[in-house]
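K.L.:
Got a structure for you, work_31.cif, holding mmCIF, C-alpha atoms.
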```cif
data_structure
#
loop_
_atom_site.label_atom_id
_atom_site.label_comp_id
_atom_site.auth_asym_id
_atom_site.auth_seq_id
_atom_site.Cartn_x
_atom_site.Cartn_y
_atom_site.Cartn_z
CA MET A 704 49.65 -53.92 101.99
CA PRO A 705 53.42 -54.46 102.27
CA LEU A 706 54.73 -56.81 104.94
CA THR A 707 55.67 -55.27 108.25
CA SER A 708 59.05 -55.83 109.87
CA ARG A 709 57.49 -58.27 112.35
CA GLN A 710 55.93 -60.32 109.55
CA ARG A 711 59.19 -60.43 107.63
CA LEU A 712 61.03 -61.57 110.77
CA ALA A 713 58.45 -64.33 111.40
CA ASN A 714 58.77 -65.56 107.81
CA ARG A 715 62.54 -65.70 108.02
CA LEU A 716 62.40 -67.47 111.36
CA LEU A 717 60.03 -70.10 109.96
CA LEU A 718 62.36 -70.65 107.04
CA VAL A 719 65.33 -71.14 109.36
CA VAL A 720 63.39 -73.56 111.59
CA ASN A 721 62.32 -75.61 108.57
CA LEU A 722 65.86 -75.80 107.26
CA VAL A 723 67.29 -76.79 110.65
CA THR A 724 64.58 -79.42 111.18
CA ALA A 725 65.01 -80.90 107.73
CA ASN A 726 68.78 -81.14 108.08
CA ALA A 727 68.51 -82.58 111.60
CA ALA A 728 66.07 -85.24 110.40
CA ALA A 729 68.31 -86.13 107.47
CA ALA A 730 71.38 -86.39 109.72
CA ALA A 731 69.48 -88.50 112.28
CA PHE A 732 68.41 -90.94 109.58
CA VAL A 733 71.97 -91.27 108.27
CA VAL A 734 73.30 -91.98 111.78
CA MET A 735 70.42 -94.38 112.51
CA PHE A 736 71.10 -96.30 109.30
CA LEU A 737 74.86 -96.57 109.85
CA GLN A 738 74.89 -97.03 113.65
CA PRO A 739 71.43 -98.07 114.90
CA ALA A 740 72.66 -98.46 118.46
CA TRP A 741 73.57 -94.75 118.64
CA VAL A 742 69.97 -93.68 118.12
CA GLY A 743 67.76 -96.31 119.76
CA LEU A 744 68.06 -99.22 122.13
CA ASP A 745 70.37 -102.15 121.67
CA ALA A 746 68.68 -104.55 119.24
CA ALA A 747 71.14 -107.39 119.75
CA PRO A 748 68.72 -109.48 121.85
CA MET A 749 66.25 -109.38 118.95
CA ALA A 750 68.74 -110.68 116.40
CA ALA A 751 67.46 -114.24 116.79
CA THR A 752 63.86 -113.32 115.98
CA VAL A 753 64.44 -110.40 113.60
CA PRO A 754 67.29 -111.10 111.20
CA GLU A 755 67.11 -107.65 109.59
CA ARG A 756 68.86 -104.57 110.92
CA VAL A 757 66.36 -102.69 113.07
CA VAL A 758 66.20 -99.65 115.30
CA VAL A 759 64.30 -99.73 118.54
CA LEU A 760 63.16 -96.25 119.62
CA PRO A 761 61.77 -95.68 123.10
CA LEU A 762 58.65 -93.49 122.91
CA GLY A 763 58.00 -93.01 126.60
CA THR A 764 61.06 -90.88 127.38
CA PRO A 765 60.95 -87.10 127.93
CA LEU A 766 63.04 -86.62 124.78
CA SER A 767 60.47 -88.49 122.67
CA TRP A 768 57.60 -86.41 124.04
CA SER A 769 59.60 -83.22 123.45
CA LEU A 770 60.27 -84.17 119.84
CA LEU A 771 56.58 -84.97 119.34
CA ALA A 772 55.52 -81.59 120.71
CA ALA A 773 58.10 -79.78 118.57
CA GLY A 774 56.95 -81.63 115.45
CA CYS A 775 53.29 -80.77 116.09
CA LEU A 776 54.12 -77.09 116.63
CA LEU A 777 56.17 -76.95 113.46
CA LEU A 778 53.37 -78.54 111.43
CA LEU A 779 50.83 -76.07 112.80
CA TRP A 780 53.16 -73.15 112.09
CA ASN A 781 53.63 -74.22 108.48
CA PHE A 782 49.89 -74.80 108.05
CA ALA A 783 49.11 -71.34 109.42
CA TRP A 784 51.62 -69.81 107.00
CA LEU A 785 50.04 -71.63 104.05
CA VAL A 786 46.41 -70.71 104.78
CA ARG A 787 46.89 -67.13 105.93
CA ARG A 788 45.28 -64.44 103.78
CA ARG A 789 47.71 -62.74 101.48
CA GLU A 790 47.50 -58.96 101.57
CA ALA A 791 46.97 -57.36 98.20
CA PRO A 792 49.89 -55.19 97.13
CA ALA A 793 49.33 -51.47 97.37
CA PRO A 794 49.00 -49.64 94.03
CA SER A 795 52.13 -47.81 93.00
CA ASN A 796 52.01 -44.04 92.77
CA TRP A 797 53.32 -43.88 89.22
CA VAL A 798 53.42 -45.57 85.83
CA VAL A 799 56.77 -46.03 84.12
CA SER A 800 56.59 -44.67 80.59
CA ASP A 801 59.01 -45.37 77.76
CA THR A 802 60.57 -42.38 75.98
CA PRO A 803 63.33 -42.05 73.37
CA SER A 804 65.69 -40.75 76.06
CA GLY A 805 64.81 -43.37 78.67
CA PRO A 806 62.05 -44.38 81.09
CA VAL A 807 60.08 -41.69 82.89
CA ARG A 808 57.77 -42.12 85.87
CA VAL A 809 54.36 -40.47 85.43
CA ALA A 810 52.40 -39.83 88.63
CA ARG A 811 49.20 -41.82 88.97
CA GLU A 812 47.37 -38.76 90.30
CA ALA A 813 48.37 -36.78 87.20
CA LEU A 814 46.95 -39.49 84.95
CA GLU A 815 43.70 -39.62 86.91
CA THR A 816 43.31 -35.85 86.80
CA SER A 817 44.04 -35.61 83.08
CA MET A 818 41.61 -38.39 82.16
CA ARG A 819 38.95 -36.79 84.35
CA GLN A 820 39.42 -33.45 82.63
CA ALA A 821 39.28 -35.09 79.20
CA GLY A 822 36.04 -36.83 80.12
CA GLU A 823 34.40 -33.76 81.62
CA ALA A 824 35.26 -31.81 78.47
CA LEU A 825 32.60 -33.85 76.68
CA PRO A 826 29.32 -31.88 76.52
CA GLU A 827 27.15 -34.68 77.89
CA ILE A 828 29.36 -35.57 80.87
CA THR A 829 28.47 -33.50 83.93
CA ARG A 830 30.37 -35.39 86.66
CA LEU A 831 33.21 -37.88 86.45
CA ARG A 832 35.41 -39.72 88.91
CA VAL A 833 38.47 -41.64 87.68
CA GLN A 834 40.63 -44.14 89.56
CA LEU A 835 43.73 -45.86 88.18
CA ASP A 836 44.74 -49.23 89.63
CA THR A 837 48.29 -50.43 88.91
CA ARG A 838 48.48 -53.40 91.30
CA THR A 839 48.16 -56.06 88.60
CA PRO A 840 51.27 -56.49 86.43
CA LYS A 841 50.90 -55.52 82.78
CA ARG A 842 47.44 -54.04 83.32
CA LEU A 843 46.20 -50.52 83.93
CA LEU A 844 42.68 -50.74 85.33
CA ILE A 845 40.78 -47.46 84.92
CA THR A 846 37.51 -47.19 86.85
CA ALA A 847 35.28 -44.33 85.69
CA GLN A 848 32.04 -43.36 87.43
CA PHE A 849 30.14 -40.73 85.45
CA GLN A 850 26.86 -38.85 85.30
CA CYS A 851 25.16 -37.44 82.20
CA ALA A 852 23.10 -34.38 81.49
CA GLU A 853 19.35 -34.75 81.24
CA GLY A 854 18.12 -35.74 77.78
CA THR A 855 21.35 -37.39 76.63
CA ASN A 856 22.03 -41.02 75.72
CA ASN A 857 24.13 -42.57 78.46
CA LEU A 858 25.27 -45.50 76.27
CA SER A 859 26.72 -43.32 73.54
CA ALA A 860 28.16 -41.05 76.23
CA SER A 861 30.00 -43.99 77.78
CA GLN A 862 31.52 -44.89 74.42
CA ARG A 863 32.73 -41.34 73.83
CA LEU A 864 34.01 -41.19 77.39
CA ARG A 865 36.04 -44.37 76.94
CA ALA A 866 37.58 -43.07 73.71
CA ALA A 867 38.42 -39.68 75.24
CA MET A 868 40.12 -41.17 78.30
CA LEU A 869 42.02 -43.72 76.19
CA ASP A 870 43.32 -40.98 73.91
CA ARG A 871 44.45 -38.85 76.86
CA LEU A 872 46.15 -41.84 78.49
CA GLY A 873 47.99 -42.63 75.27
CA GLU A 874 49.18 -39.04 75.02
CA MET A 875 50.68 -39.09 78.51
CA VAL A 876 52.19 -42.54 79.01
CA ARG A 877 53.56 -45.51 77.08
CA PRO A 878 54.13 -48.32 79.62
CA THR A 879 57.54 -49.96 79.40
CA ASP A 880 56.21 -53.43 80.29
CA GLY A 881 53.56 -53.40 77.58
CA ALA A 882 50.70 -52.99 80.04
CA ARG A 883 47.29 -52.61 78.43
CA ALA A 884 44.51 -50.34 79.61
CA GLU A 885 41.24 -51.86 80.77
CA PHE A 886 38.17 -49.75 81.57
CA GLU A 887 35.35 -50.31 84.02
CA ILE A 888 32.78 -47.61 83.30
CA GLU A 889 29.82 -47.12 85.64
CA PHE A 890 26.84 -44.89 84.87
CA GLN A 891 25.42 -43.26 88.02
CA GLY A 892 22.47 -41.28 86.72
CA PHE A 893 21.47 -38.00 85.11
CA VAL A 894 22.49 -34.72 86.70
CA GLY A 895 22.27 -31.22 85.22
CA ARG A 896 21.49 -30.05 81.72
CA LEU A 897 23.46 -29.40 78.59
CA GLY A 898 25.28 -26.09 78.84
CA LYS A 899 27.26 -23.81 76.58
CA LYS A 900 29.88 -26.49 75.92
CA ALA A 901 27.16 -28.47 74.12
CA GLY A 902 26.79 -25.77 71.48
CA GLU A 903 24.36 -23.46 73.20
CA VAL A 904 25.62 -20.11 71.93
CA PRO A 905 24.08 -16.99 73.55
CA PRO A 906 22.39 -14.46 71.23
CA PRO A 907 24.57 -11.52 70.16
CA GLU A 908 24.26 -8.45 72.32
CA PRO A 909 22.72 -5.35 70.61
CA VAL A 910 25.17 -2.68 69.52
CA PRO A 911 24.70 0.43 71.69
CA PHE A 912 23.61 3.65 69.95
CA THR A 913 26.45 6.16 69.73
CA GLY A 914 24.78 8.92 67.70
CA PRO A 915 24.44 9.64 63.96
CA LYS A 916 27.21 8.56 61.64
CA TYR A 917 28.45 10.80 58.87
CA PRO A 918 28.00 11.28 55.98
CA ILE A 919 24.23 10.93 56.15
CA ASP A 920 22.62 9.77 52.93
CA ASP A 921 19.82 11.96 51.54
CA ASP A 922 16.34 10.59 51.83
CA PRO A 923 15.46 9.11 48.42
CA GLY A 924 11.89 10.38 48.84
CA THR A 925 13.00 14.02 48.92
CA GLY A 926 14.35 16.13 46.11
CA ASP A 927 15.31 19.70 45.20
CA HIS A 928 12.41 22.17 45.16
CA ALA A 929 12.45 25.17 42.84
#
```
Written as structure tokens, how would this file's structure read?
P.N.:
Amino acid sequence: MPLTSRQRLANRLLLVVNLVTANAAAAAFVVMFLQPAWVGLDAAPMAATVPERVVVLPLGTPLSWSLLAAGCLLLLWNFAWLVRRREAPAPSNWVVSDTPSGPVRVAREALETSMRQAGEALPEITRLRVQLDTRTPKRLLITAQFQCAEGTNNLSASQRLRAAMLDRLGEMVRPTDGARAEFEIEFQGFVGRLGKKAGEVPPPEPVPFTGPKYPIDDDPGTGDHA
């Protein structure tokens, strides 16, 4: 799902806080290195025992406790941002197709309907449901759930179904980003029987009698009598 306005605001606020904190820490270190007395306590009495330049920071002051609490909150905020579950992007409602005159957007619903009709045109396919997933870049995932007529081979039917849907998809769209089609075909059982589309032609209807037709041929068994 796309980010809401509140989520986008929280992300931007976290980014600003991180930038401000990082710059403040960098500036504090520069000042502490150049003028240690401006940041901590006066270290002059320790010069006899510690010849190096040092900074003495008091940790029991309200400012120290406030900085500790702010640092802990910022760490928890960043950790929560890192481990939160990323929402999967919603599938787009179209596929961009390349044409000689320029790109054209083809509706996802139109592709699903056309592939379903192409699959159901096969004699052994009695029911078919098609879903097109475009969330993954450079991939068109087609999920097909089908049922076959009684007495048919479901494995050969799945192969013919894949070929029919792939042909129909290729007739309707040529993705601009070179996306390839991937099929997930699921057989859900046998329903119905083979009908007329499987080659069952009804017998011809008898021609109705409309009376004698002229001329009427003479009966070969009869002849002229003298």
K.L.:
Find the residues near segment 805-811 of chain A: any atom within 8 Å, counting all atoms listed in the file, skip ones fewer than 2 places away on the same chain, and give them as a PyMOL selection string.
P.N.:
chain A and resi 795-803+813-815+835+875-876+879
K.L.:
Written as a VMD selection string, what is the full residue list that the PyMOL selection byres ((chain A and resi 827) around 12) yields on the file shown?
P.N.:
chain A and resid 822 to 826 828 to 831 849 to 864 892 to 902
K.L.:
Using all atoms of segment 714-730 of chain A that appear in the file, construct an axis-aligned enclosing box with 3 Å of padding on every side and provide its centre coordinates and edge lengths in Å, rounded to one decimal, as lines of an AutoDock Vina configuration file.
P.N.:
```
center_x = 65.1
center_y = -76.0
center_z = 109.3
size_x = 18.6
size_y = 26.8
size_z = 10.6
```
K.L.:
Would you kindly return, as a list in words, each protein, DNA or RNA residue with an atom no farther than 12 Å from any atom of Arg842 of chain A, considering all atoms listed in the file and excluding same-chain residues fewer than 4 positions away?
P.N.:
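Returned residues: Pro794, Val798, Leu835, Asp836, Thr837, Arg838, Pro878, Thr879, Asp880, Gly881, Ala882, Arg883, Ala884, Glu885 and Phe886 of chain A.
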K.L.:
Can you write out the residues you just picked, keeping C-alpha atoms, as a PDB file, in the coordinates of the input?
P.N.:
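After the write, result08.pdb holds the following:
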```
ATOM      1  CA  PRO A 794      49.000 -49.640  94.030  1.00  0.00           C
ATOM      2  CA  VAL A 798      53.420 -45.570  85.830  1.00  0.00           C
ATOM      3  CA  LEU A 835      43.730 -45.860  88.180  1.00  0.00           C
ATOM      4  CA  ASP A 836      44.740 -49.230  89.630  1.00  0.00           C
ATOM      5  CA  THR A 837      48.290 -50.430  88.910  1.00  0.00           C
ATOM      6  CA  ARG A 838      48.480 -53.400  91.300  1.00  0.00           C
ATOM      7  CA  PRO A 878      54.130 -48.320  79.620  1.00  0.00           C
ATOM      8  CA  THR A 879      57.540 -49.960  79.400  1.00  0.00           C
ATOM      9  CA  ASP A 880      56.210 -53.430  80.290  1.00  0.00           C
ATOM     10  CA  GLY A 881      53.560 -53.400  77.580  1.00  0.00           C
ATOM     11  CA  ALA A 882      50.700 -52.990  80.040  1.00  0.00           C
ATOM     12  CA  ARG A 883      47.290 -52.610  78.430  1.00  0.00           C
ATOM     13  CA  ALA A 884      44.510 -50.340  79.610  1.00  0.00           C
ATOM     14  CA  GLU A 885      41.240 -51.860  80.770  1.00  0.00           C
ATOM     15  CA  PHE A 886      38.170 -49.750  81.570  1.00  0.00           C
TER      16      PHE A 886
END
```
K.L.:
Specify as a compact mmCIF listing (two decimals) with C-alpha atoms, in the frame of the given file each residue included when the PyMOL selection byres ((chain A and resi 720-726) around 12) is applied to this file.
P.N.:
```txt
# COMPACT_ATOMS: atom_id res chain seq x y z
CA ALA A 713 58.45 -64.33 111.40
CA ASN A 714 58.77 -65.56 107.81
CA ARG A 715 62.54 -65.70 108.02
CA LEU A 716 62.40 -67.47 111.36
CA LEU A 717 60.03 -70.10 109.96
CA LEU A 718 62.36 -70.65 107.04
CA VAL A 719 65.33 -71.14 109.36
CA ALA A 727 68.51 -82.58 111.60
CA ALA A 728 66.07 -85.24 110.40
CA ALA A 729 68.31 -86.13 107.47
CA ALA A 730 71.38 -86.39 109.72
CA ALA A 731 69.48 -88.50 112.28
CA PHE A 732 68.41 -90.94 109.58
CA VAL A 733 71.97 -91.27 108.27
CA LEU A 770 60.27 -84.17 119.84
CA ALA A 773 58.10 -79.78 118.57
CA GLY A 774 56.95 -81.63 115.45
CA LEU A 776 54.12 -77.09 116.63
CA LEU A 777 56.17 -76.95 113.46
CA LEU A 778 53.37 -78.54 111.43
CA TRP A 780 53.16 -73.15 112.09
CA ASN A 781 53.63 -74.22 108.48
```
K.L.:
Considering all atoms listed in the file, return as JSON, numbers by chain whatever protein or nucleic-acid residues lie within 10 Å of Trp741 of chain A, sequence-local ones (same chain, fewer than 6 positions apart) excluded.
P.N.:
{"A": [731, 734, 735, 758]}
K.L.:
Go through A:Gln834, A:Gln820, A:Thr839, A:Gln848 one by one, measure the shortest atom-to-atom distance of each to Phe890 of chain A using only C-alpha atoms, and give the residue with the smallest value.
P.N.:
A:Gln848
K.L.:
Quick check, in Å to one decimal: how far apart do atom CA of Val742 of chain A and atom CA of Val759 of chain A lie?
P.N.:
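Separating atom CA of Val742 of chain A from atom CA of Val759 of chain A is a distance of 8.3 Å.
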K.L.:
Missing atoms in segment 811-830 of chain A: can you complete it with N, CA, C and O atoms, as a short mmCIF file (atom, residue, chain, number, x, y, z; two decimals), in the coordinates of the input?
P.N.:
```cif
data_model
loop_
_atom_site.label_atom_id
_atom_site.label_comp_id
_atom_site.auth_asym_id
_atom_site.auth_seq_id
_atom_site.Cartn_x
_atom_site.Cartn_y
_atom_site.Cartn_z
N ARG A 811 50.55 -41.27 89.14
CA ARG A 811 49.20 -41.82 88.97
C ARG A 811 48.14 -40.74 89.14
O ARG A 811 47.13 -40.72 88.42
N GLU A 812 48.34 -39.83 90.08
CA GLU A 812 47.37 -38.76 90.30
C GLU A 812 47.27 -37.85 89.08
O GLU A 812 46.18 -37.39 88.74
N ALA A 813 48.40 -37.61 88.41
CA ALA A 813 48.37 -36.78 87.20
C ALA A 813 47.58 -37.46 86.09
O ALA A 813 46.82 -36.80 85.36
N LEU A 814 47.72 -38.76 85.96
CA LEU A 814 46.95 -39.49 84.95
C LEU A 814 45.46 -39.46 85.26
O LEU A 814 44.63 -39.26 84.36
N GLU A 815 45.11 -39.66 86.52
CA GLU A 815 43.70 -39.62 86.91
C GLU A 815 43.09 -38.26 86.64
O GLU A 815 41.98 -38.14 86.11
N THR A 816 43.82 -37.20 87.00
CA THR A 816 43.31 -35.85 86.80
C THR A 816 43.14 -35.53 85.32
O THR A 816 42.13 -34.95 84.90
N SER A 817 44.12 -35.91 84.51
CA SER A 817 44.04 -35.61 83.08
C SER A 817 42.91 -36.37 82.41
O SER A 817 42.18 -35.81 81.57
N MET A 818 42.72 -37.64 82.75
CA MET A 818 41.61 -38.39 82.16
C MET A 818 40.26 -37.85 82.63
O MET A 818 39.29 -37.83 81.86
N ARG A 819 40.20 -37.39 83.87
CA ARG A 819 38.95 -36.79 84.35
C ARG A 819 38.64 -35.51 83.59
O ARG A 819 37.49 -35.26 83.18
N GLN A 820 39.64 -34.68 83.37
CA GLN A 820 39.42 -33.45 82.63
C GLN A 820 39.03 -33.73 81.19
O GLN A 820 38.17 -33.03 80.63
N ALA A 821 39.65 -34.75 80.57
CA ALA A 821 39.28 -35.09 79.20
C ALA A 821 37.85 -35.59 79.12
O ALA A 821 37.12 -35.28 78.17
N GLY A 822 37.41 -36.35 80.12
CA GLY A 822 36.04 -36.83 80.12
C GLY A 822 35.04 -35.73 80.38
O GLY A 822 33.99 -35.66 79.72
N GLU A 823 35.33 -34.84 81.31
CA GLU A 823 34.40 -33.76 81.62
C GLU A 823 34.35 -32.70 80.54
O GLU A 823 33.45 -31.85 80.54
N ALA A 824 35.31 -32.73 79.60
CA ALA A 824 35.26 -31.81 78.47
C ALA A 824 34.18 -32.20 77.47
O ALA A 824 33.77 -31.38 76.65
N LEU A 825 33.70 -33.45 77.55
CA LEU A 825 32.60 -33.85 76.68
C LEU A 825 31.32 -33.13 77.10
O LEU A 825 31.06 -32.97 78.29
N PRO A 826 30.50 -32.69 76.16
CA PRO A 826 29.32 -31.88 76.52
C PRO A 826 28.31 -32.63 77.37
O PRO A 826 27.66 -32.04 78.22
N GLU A 827 28.18 -33.95 77.16
CA GLU A 827 27.15 -34.68 77.89
C GLU A 827 27.58 -35.17 79.27
O GLU A 827 26.75 -35.64 80.05
N ILE A 828 28.85 -35.09 79.58
CA ILE A 828 29.36 -35.57 80.87
C ILE A 828 29.32 -34.40 81.86
O ILE A 828 29.97 -33.37 81.64
N THR A 829 28.56 -34.56 82.93
CA THR A 829 28.47 -33.50 83.93
C THR A 829 29.36 -33.77 85.15
O THR A 829 29.90 -32.84 85.73
N ARG A 830 29.51 -35.04 85.54
CA ARG A 830 30.37 -35.39 86.66
C ARG A 830 31.12 -36.66 86.32
O ARG A 830 30.57 -37.57 85.70
#
```
